[in-house]
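**Q** File my_file.txt follows (compact mmCIF, C-alpha atoms):
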```txt
# COMPACT_ATOMS: atom_id res chain seq x y z
CA MET G 82 -16.53 -13.14 7.73
CA SER G 83 -19.52 -12.30 5.52
CA ALA G 84 -19.88 -13.90 2.09
CA SER G 85 -19.22 -10.56 0.37
CA ALA G 86 -16.10 -9.89 2.46
CA GLU G 87 -14.82 -13.38 1.75
CA GLN G 88 -15.38 -12.83 -1.96
CA ILE G 89 -13.41 -9.57 -1.82
CA ARG G 90 -10.58 -11.37 -0.02
CA ASP G 91 -10.47 -14.12 -2.64
CA GLN G 92 -10.41 -11.56 -5.45
CA GLN G 93 -7.66 -9.56 -3.75
CA ARG G 94 -5.56 -12.66 -3.15
CA SER G 95 -5.81 -13.62 -6.83
CA ILE G 96 -5.02 -10.09 -8.01
CA TRP G 97 -1.94 -9.66 -5.82
CA ASP G 98 -0.62 -13.11 -6.66
CA THR G 99 -0.89 -12.09 -10.32
CA PHE G 100 0.86 -8.77 -9.76
CA SER G 101 3.71 -10.16 -7.64
CA ALA G 102 5.90 -10.56 -10.73
CA GLY G 103 5.45 -6.88 -11.61
CA TRP G 104 6.34 -5.79 -8.08
CA LYS G 105 9.46 -7.93 -8.21
CA LYS G 106 10.40 -6.43 -11.59
CA TRP G 107 10.09 -2.85 -10.31
CA ASP G 108 11.37 -3.49 -6.78
CA VAL G 109 14.20 -0.93 -6.87
CA GLU G 110 11.90 1.79 -8.21
CA VAL G 111 9.16 1.06 -5.67
CA LEU G 112 11.69 0.99 -2.80
CA GLY G 113 12.91 4.47 -3.73
CA TRP G 114 9.42 5.86 -4.23
CA HIS G 115 7.79 4.38 -1.13
CA GLY G 116 10.86 4.77 1.08
CA PRO G 117 9.79 8.05 2.77
CA PHE G 118 6.44 6.54 3.77
CA GLY G 119 8.08 3.46 5.28
CA ASP G 120 10.63 5.63 7.07
CA ALA G 121 7.80 7.64 8.62
CA LEU G 122 6.12 4.46 9.90
CA ILE G 123 9.38 3.22 11.40
CA GLU G 124 9.96 6.59 13.07
CA GLU G 125 6.49 6.51 14.63
CA ALA G 126 6.97 2.89 15.81
CA ARG G 127 9.76 3.81 18.26
CA LEU G 128 11.59 0.53 17.76
CA ARG G 129 14.10 -0.96 20.19
CA PRO G 130 16.88 -3.36 19.18
CA ASP G 131 14.87 -6.25 20.66
CA SER G 132 11.40 -5.26 19.34
CA THR G 133 9.07 -7.88 17.91
CA VAL G 134 7.48 -6.37 14.79
CA LEU G 135 4.47 -7.30 12.65
CA ASP G 136 4.15 -5.91 9.12
CA VAL G 137 0.52 -6.34 7.97
CA ALA G 138 -0.33 -6.38 4.25
CA SER G 139 3.43 -6.38 3.75
CA GLY G 140 3.38 -7.31 0.07
CA THR G 141 6.98 -7.72 -1.04
CA GLY G 142 8.31 -6.88 2.41
CA GLU G 143 8.45 -3.20 3.22
CA PRO G 144 8.80 -1.52 5.61
CA GLY G 145 9.30 -4.75 7.54
CA LEU G 146 12.61 -5.65 5.89
CA THR G 147 14.04 -2.21 6.61
CA ALA G 148 12.87 -2.52 10.21
CA ALA G 149 14.50 -5.95 10.54
CA ALA G 150 17.95 -4.40 10.30
CA LEU G 151 17.01 -2.08 13.19
CA VAL G 152 15.94 -4.88 15.55
CA PRO G 153 18.93 -7.27 15.49
CA GLN G 154 17.91 -8.83 18.82
CA GLY G 155 14.24 -8.84 17.84
CA SER G 156 12.19 -10.24 14.98
CA VAL G 157 9.94 -9.20 12.11
CA THR G 158 6.92 -11.12 10.84
CA LEU G 159 5.63 -10.24 7.37
CA THR G 160 1.99 -11.10 6.68
CA ASP G 161 -0.08 -10.79 3.53
CA LEU G 162 -2.98 -12.46 1.76
CA SER G 163 -0.78 -13.14 -1.26
CA GLU G 164 1.64 -16.05 -1.14
CA GLY G 165 3.21 -14.76 -4.34
CA MET G 166 4.04 -11.36 -2.84
CA LEU G 167 5.46 -12.92 0.32
CA ARG G 168 7.60 -15.26 -1.77
CA VAL G 169 9.28 -12.18 -3.24
CA ALA G 170 9.68 -10.75 0.29
CA ALA G 171 11.34 -13.95 1.51
CA GLU G 172 13.78 -13.88 -1.42
CA LYS G 173 14.71 -10.30 -0.55
CA ALA G 174 15.19 -11.14 3.13
CA ALA G 175 17.51 -14.01 2.22
CA ALA G 176 19.47 -11.82 -0.21
CA ARG G 177 20.02 -9.24 2.56
CA GLY G 178 21.02 -11.89 5.10
CA LEU G 179 18.13 -11.03 7.44
CA ALA G 180 17.83 -14.10 9.65
CA ASN G 181 15.25 -12.48 11.98
CA VAL G 182 12.48 -12.31 9.35
CA ARG G 183 9.67 -14.79 8.77
CA THR G 184 6.63 -14.70 6.48
CA ARG G 185 3.09 -15.86 7.17
CA VAL G 186 0.20 -15.90 4.70
CA SER G 187 -2.80 -14.64 6.66
CA ASP G 188 -5.97 -12.57 6.58
CA VAL G 189 -5.81 -9.39 8.65
CA GLY G 190 -9.35 -10.13 9.82
CA ALA G 191 -8.12 -13.26 11.63
CA LEU G 192 -4.45 -12.82 12.51
CA PRO G 193 -2.96 -16.18 13.60
CA PHE G 194 -1.04 -14.83 16.60
CA GLU G 195 -1.50 -14.84 20.36
CA ASP G 196 -2.75 -11.76 22.19
CA GLY G 197 -0.08 -9.22 23.07
CA THR G 198 2.62 -10.70 20.82
CA PHE G 199 4.11 -7.64 19.09
CA ASP G 200 5.84 -4.44 20.22
CA ALA G 201 5.16 -2.62 16.94
CA ILE G 202 2.78 -3.12 14.03
CA PHE G 203 3.04 -1.55 10.57
CA CYS G 204 0.48 -1.40 7.80
CA ARG G 205 1.63 0.52 4.74
CA PHE G 206 -1.07 1.05 2.08
CA GLY G 207 -3.23 -1.83 3.24
CA PHE G 208 -6.12 -0.25 5.15
CA MET G 209 -7.82 1.15 2.04
CA PHE G 210 -8.36 -2.38 0.73
CA PHE G 211 -9.54 -4.18 3.88
CA PRO G 212 -13.21 -5.22 3.56
CA ASP G 213 -13.75 -4.38 7.26
CA MET G 214 -11.21 -1.84 8.49
CA THR G 215 -12.61 -1.79 12.04
CA ALA G 216 -12.27 -5.56 12.40
CA ALA G 217 -8.75 -5.41 10.92
CA LEU G 218 -7.63 -2.80 13.42
CA GLN G 219 -9.24 -4.73 16.27
CA GLN G 220 -7.08 -7.70 15.31
CA MET G 221 -3.96 -5.52 15.28
CA VAL G 222 -4.83 -4.14 18.71
CA ARG G 223 -5.42 -7.67 20.01
CA VAL G 224 -1.98 -8.95 18.96
CA ALA G 225 -0.19 -5.78 20.11
CA ALA G 226 1.47 -5.78 23.51
CA PRO G 227 0.59 -3.05 26.04
CA GLY G 228 2.52 0.06 25.05
CA ALA G 229 3.00 -1.16 21.47
CA ARG G 230 2.78 1.33 18.62
CA ILE G 231 0.47 0.67 15.66
CA THR G 232 1.26 2.75 12.58
CA ALA G 233 -0.32 2.95 9.15
CA ALA G 234 0.03 4.81 5.86
CA VAL G 235 -2.92 5.46 3.54
CA TRP G 236 -3.06 7.47 0.34
CA GLY G 237 -4.28 11.05 0.60
CA ARG G 238 -6.83 12.75 -1.64
CA ALA G 239 -6.84 12.09 -5.38
CA ALA G 240 -5.81 15.69 -6.05
CA GLU G 241 -2.69 15.11 -3.92
CA ASN G 242 -1.78 11.97 -5.87
CA PRO G 243 -1.56 12.62 -9.61
CA TRP G 244 0.69 9.53 -9.88
CA ALA G 245 -2.58 7.56 -9.75
CA SER G 246 -5.43 10.02 -10.32
CA LEU G 247 -4.06 11.12 -13.71
CA ILE G 248 -4.30 7.69 -15.28
CA LEU G 249 -7.34 6.49 -13.32
CA GLY G 250 -9.28 9.65 -14.16
CA THR G 251 -8.45 9.22 -17.83
CA ILE G 252 -9.64 5.62 -17.78
CA ALA G 253 -12.89 6.72 -16.15
CA ARG G 254 -13.51 9.29 -18.90
CA HIS G 255 -13.19 6.68 -21.63
CA THR G 256 -14.97 3.72 -20.05
CA GLU G 257 -18.24 3.00 -18.28
CA LEU G 258 -16.92 1.80 -14.96
CA PRO G 259 -19.48 0.82 -12.30
CA VAL G 260 -19.73 3.25 -9.40
CA PRO G 261 -18.50 1.43 -6.27
CA PRO G 262 -20.74 1.59 -3.19
CA ALA G 263 -19.83 4.07 -0.49
CA GLY G 264 -17.03 2.74 1.72
CA ALA G 265 -15.97 0.06 -0.74
CA PRO G 266 -12.25 -0.82 -0.84
CA GLY G 267 -10.33 1.61 -3.03
CA LEU G 268 -7.20 3.70 -3.35
CA PHE G 269 -8.57 6.92 -1.83
CA ARG G 270 -11.06 5.40 0.61
CA CYS G 271 -9.21 6.66 3.70
CA ALA G 272 -8.17 10.06 2.35
CA ALA G 273 -10.46 12.38 4.33
CA GLN G 274 -8.61 14.49 6.89
CA GLY G 275 -8.96 13.01 10.37
CA TYR G 276 -10.55 9.78 9.10
CA MET G 277 -7.78 7.41 10.17
CA GLY G 278 -7.24 9.19 13.46
CA ARG G 279 -10.88 8.64 14.38
CA ILE G 280 -10.64 4.93 13.52
CA PHE G 281 -7.55 4.59 15.71
CA ARG G 282 -9.13 6.42 18.66
CA ASP G 283 -12.36 4.42 18.32
CA ALA G 284 -10.25 1.25 18.60
CA GLY G 285 -9.04 2.43 22.02
CA LEU G 286 -5.58 3.57 20.95
CA VAL G 287 -4.08 6.59 22.71
CA ASP G 288 -1.40 9.14 21.83
CA VAL G 289 -2.86 9.14 18.31
CA THR G 290 -1.07 11.33 15.76
CA GLU G 291 -1.78 12.00 12.10
CA ARG G 292 0.43 13.78 9.56
CA LYS G 293 1.08 13.96 5.83
CA VAL G 294 4.20 12.84 3.99
CA SER G 295 4.81 13.64 0.32
CA THR G 296 7.33 12.56 -2.27
CA ASP G 297 7.46 12.20 -6.06
CA LEU G 298 7.11 9.20 -8.30
CA VAL G 299 9.89 9.85 -10.82
CA GLN G 300 10.00 8.17 -14.24
CA GLU G 301 12.26 8.89 -17.18
CA SER G 302 9.53 9.04 -19.81
CA PRO G 303 5.79 8.61 -20.40
CA GLU G 304 6.50 5.17 -21.88
CA ILE G 305 8.26 3.98 -18.72
CA TYR G 306 5.50 5.44 -16.52
CA TRP G 307 2.90 3.54 -18.56
CA GLU G 308 4.86 0.29 -18.32
CA PHE G 309 5.35 0.76 -14.57
CA MET G 310 1.68 1.46 -13.86
CA THR G 311 0.41 -1.41 -15.99
CA ASP G 312 2.82 -3.78 -14.24
CA ILE G 313 2.08 -2.89 -10.60
CA ALA G 314 -1.22 -0.99 -10.34
CA ALA G 315 -4.14 -3.38 -10.24
CA PRO G 316 -6.83 -0.65 -10.47
CA VAL G 317 -5.21 0.59 -13.70
CA VAL G 318 -5.07 -2.85 -15.32
CA LEU G 319 -8.60 -3.72 -14.23
CA GLY G 320 -9.86 -0.41 -15.60
CA LEU G 321 -8.09 -0.84 -18.92
CA ALA G 322 -9.62 -4.31 -19.21
CA LYS G 323 -13.04 -2.62 -19.37
CA ALA G 324 -12.00 -0.58 -22.43
CA ASP G 325 -12.01 -1.73 -26.03
CA ARG G 326 -8.93 -1.36 -28.22
CA GLU G 327 -9.86 2.09 -29.50
CA ALA G 328 -10.58 3.39 -26.01
CA ARG G 329 -7.29 2.00 -24.69
CA GLU G 330 -5.39 3.83 -27.42
CA LEU G 331 -7.21 7.07 -26.56
CA ILE G 332 -6.46 6.59 -22.87
CA ARG G 333 -2.77 6.05 -23.56
CA SER G 334 -2.60 9.08 -25.85
CA ASP G 335 -4.37 11.33 -23.36
CA VAL G 336 -2.17 10.15 -20.48
CA PHE G 337 1.00 10.80 -22.45
CA GLN G 338 -0.22 14.30 -23.33
CA MET G 339 -1.06 15.17 -19.72
CA LEU G 340 2.26 13.83 -18.44
CA GLY G 341 3.94 16.70 -20.26
CA ARG G 342 2.70 19.02 -17.51
CA TYR G 343 4.72 17.05 -14.99
CA GLU G 344 8.06 17.03 -16.80
CA HIS G 345 10.83 18.74 -14.84
CA GLY G 346 14.55 18.42 -15.39
CA GLY G 347 14.15 15.77 -18.08
CA ALA G 348 11.96 13.44 -15.99
CA ILE G 349 8.31 12.92 -15.15
CA ARG G 350 7.66 13.86 -11.50
CA LEU G 351 4.27 12.99 -10.05
CA ARG G 352 3.32 14.04 -6.53
CA SER G 353 2.48 11.25 -4.09
CA THR G 354 0.98 12.09 -0.68
CA ALA G 355 0.06 9.79 2.17
CA THR G 356 -1.39 10.20 5.64
CA ILE G 357 0.70 8.63 8.41
CA VAL G 358 -1.32 7.69 11.48
CA ALA G 359 -0.01 6.17 14.69
CA GLY G 360 -1.36 5.21 18.10
CA THR G 361 -0.36 3.37 21.26
CA ARG G 362 -1.97 0.23 22.67
CA VAL G 363 -3.07 0.79 26.26
```
Could you write out this structure as structure tokens?
**A**
Amino acid sequence: MSASAEQIRDQQRSIWDTFSAGWKKWDVEVLGWHGPFGDALIEEARLRPDSTVLDVASGTGEPGLTAAALVPQGSVTLTDLSEGMLRVAAEKAAARGLANVRTRVSDVGALPFEDGTFDAIFCRFGFMFFPDMTAALQQMVRVAAPGARITAAVWGRAAENPWASLILGTIARHTELPVPPAGAPGLFRCAAQGYMGRIFRDAGLVDVTERKVSTDLVQESPEIYWEFMTDIAAPVVLGLAKADREARELIRSDVFQMLGRYEHGGAIRLRSTATIVAGTRV
């Protein structure tokens, strides 16, 4: 791993360890919001009751924990850079009585598993942040058994995701954020149509499919949305840290004003769209 990639990994590990408490706090809300994306990955994986499953960049455990209930004679391994996030995942697995789940802190660029170990591999909202996406997918292909399905979810275009672009765009208007280099890890890095499908085909996967899934992030009020985003969204918190007190107040005021456009039926409803890509290991 290059020095720059290693530095990114160390920064990401620190960030996600820090944010693990926020993800635990909002677990029920995140489960409901992200559920359709995880369900799509599970559908594409074509699980059997005895499947061995790997959930890469699993965070606090989904969709791996949901899959564990579907493979009672199989097993699910949850991996992530962040020990703090996996600690939350392990607590959830124990609370649900899932005895076929284990966790393993690991870097996707060097997965600590034998070749051909897994029948299905998930990666929900991880690819955008991998320093080297090609190397990460090569590792997934290596540990996948012949015929295994590899499935991933990545966020679509910013315009399709006001849940994030609304607040991030407002931060950008009020701060002088550095422009990241092309291809740098980021929320919408994999959003271009056909982008993930090409990566999967270039890795030698076959039967590659790509489709969009949309749902809404629903919050009761602008105040709750703000609290939620500043508890779980690292790009938001890091962006706000670049603003002085006056700028932060302006950002908050502008965000609250814009959220009025998304109020329906007494709640804030913000569109969230992801690309679901899947392929088969030869």
**Q** With a distance cut-off of 8 Å and only C-alpha atoms, select the neighbouring residues of range 292-306 of chain G, excluding the residue or stretch itself and same-chain residues fewer than 2 positions from it, and output the selection as a short mmCIF file (atom, residue, chain, number, x, y, z; two decimals) with C-alpha atoms, keeping the file's coordinate frame.
**A**
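Generated output (result26.cif):
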```cif
data_model
loop_
_atom_site.label_atom_id
_atom_site.label_comp_id
_atom_site.auth_asym_id
_atom_site.auth_seq_id
_atom_site.Cartn_x
_atom_site.Cartn_y
_atom_site.Cartn_z
CA TRP G 114 9.42 5.86 -4.23
CA PRO G 117 9.79 8.05 2.77
CA PHE G 118 6.44 6.54 3.77
CA ALA G 121 7.80 7.64 8.62
CA TRP G 244 0.69 9.53 -9.88
CA THR G 290 -1.07 11.33 15.76
CA GLU G 308 4.86 0.29 -18.32
CA PHE G 309 5.35 0.76 -14.57
CA MET G 310 1.68 1.46 -13.86
CA PHE G 337 1.00 10.80 -22.45
CA LEU G 340 2.26 13.83 -18.44
CA GLY G 347 14.15 15.77 -18.08
CA ALA G 348 11.96 13.44 -15.99
CA ILE G 349 8.31 12.92 -15.15
CA ARG G 350 7.66 13.86 -11.50
CA LEU G 351 4.27 12.99 -10.05
CA ARG G 352 3.32 14.04 -6.53
CA SER G 353 2.48 11.25 -4.09
CA THR G 354 0.98 12.09 -0.68
CA ALA G 355 0.06 9.79 2.17
CA THR G 356 -1.39 10.20 5.64
CA ILE G 357 0.70 8.63 8.41
CA VAL G 358 -1.32 7.69 11.48
#
```
**Q** Name the residues in contact with range 129-132 of chain G at a cut-off of 6 Å, using all atoms listed in the file, excluding same-chain residues fewer than 3 positions from it; report them as a ChimeraX atom specification.
**A** /G:152-155,200
**Q** As a ChimeraX atom specification, please: the residues near range 172-180 of chain G (cut-off 8 Å, all atoms listed in the file, same-chain neighbours under 4 positions excluded).
**A** /G:142,146,149-150,168
**Q** With all atoms listed in the file as the basis for distance, which of G:Phe208, G:Tyr343, G:Phe199, G:Trp236 is at the shortest distance from His115 in chain G?
**A**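 That would be G:Trp236, the residue with the smallest distance to His115 in chain G.
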**Q** Using all atoms listed in the file, which residue out of G:Glu125, G:Asp91, G:Glu344, G:Asp312 lies closest to Pro212 in chain G?
**A**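 Looking only at the distances to Pro212 in chain G, the closest residue turns out to be G:Asp91.
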**Q** Nearest residue to Arg127 in chain G out of G:Arg230, G:Arg185, G:Lys105, G:Arg270, using all atoms listed in the file?
**A**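 Between G:Arg230, G:Arg185, G:Lys105, G:Arg270, the residue approaching Arg127 in chain G most closely is G:Arg230.
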**Q** Mind checking which residues fall within 9 Å of Thr147 in chain G, counting all atoms listed in the file, ignoring those fewer than 4 positions away in the same chain, and posting them as a list in words?
**A**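 The filter keeps Gly119, Asp120, Ile123, Gly142, Glu143 and Leu151 of chain G.
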**Q** For the residues selected in the previous step, produce a file with C-alpha atoms as a tab-separated table (two decimals), in the frame of the given file.
**A**
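Dumped everything to again-v7.tsv:
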```tsv
chain	number	residue	atom	x	y	z
G	119	GLY	CA	8.08	3.46	5.28
G	120	ASP	CA	10.63	5.63	7.07
G	123	ILE	CA	9.38	3.22	11.40
G	142	GLY	CA	8.31	-6.88	2.41
G	143	GLU	CA	8.45	-3.20	3.22
G	151	LEU	CA	17.01	-2.08	13.19
```
**Q** Closest to Pro144 in chain G among G:Arg362, G:Arg279, G:Arg183, G:Arg205, using all atoms listed in the file?
**A**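 Among G:Arg362, G:Arg279, G:Arg183, G:Arg205, it is G:Arg205 that comes nearest to Pro144 in chain G.
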**Q** So the first atom is CA of Ile248 in chain G and the second is CA of Val336 in chain G; what is the distance between them in Å, to one decimal place?
**A** 6.1 Å
**Q** Kindly give the distance, in Å, that separates CA of Phe269 in chain G and CA of Met209 in chain G, rounded to a single decimal.
**A**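 CA of Met209 in chain G lies 7.0 Å from CA of Phe269 in chain G.
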**Q** Is it possible to get the axis-aligned box enclosing range 251-257 of chain G (all listed atoms, 4 Å extra per side) as JSON, with centre and edge lengths in Å rounded to one decimal?
**A**
```
{"center_x": -13.3, "center_y": 6.1, "center_z": -18.9, "size_x": 17.8, "size_y": 14.3, "size_z": 13.5}
```
**Q** So, with all atoms listed in the file as the atoms that count, which of G:Ile231, G:Ile96, G:Val186, G:Ala226 lies closest to Ala170 in chain G?
**A**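 The closest residue to Ala170 in chain G is G:Val186.
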**Q** Pick out the closest residue to Ala314 in chain G from this set: G:Ala102, G:Ala86, G:Ala225, G:Thr198. Count all atoms listed in the file.
**A** G:Ala102
**Q** Might you pull out every residue within 9 Å of Ala324 in chain G, with only C-alpha atoms counted and same-chain residues fewer than 2 positions away left off, and present them as a ChimeraX atom specification?
**A** /G:252,255-257,320-322,326-329
**Q** At what distance in Å, to one decimal, does CA of Met166 in chain G lie from CA of Gly267 in chain G?
**A**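 Answer for the CA of Gly267 in chain G to CA of Met166 in chain G separation: 19.4 Å.
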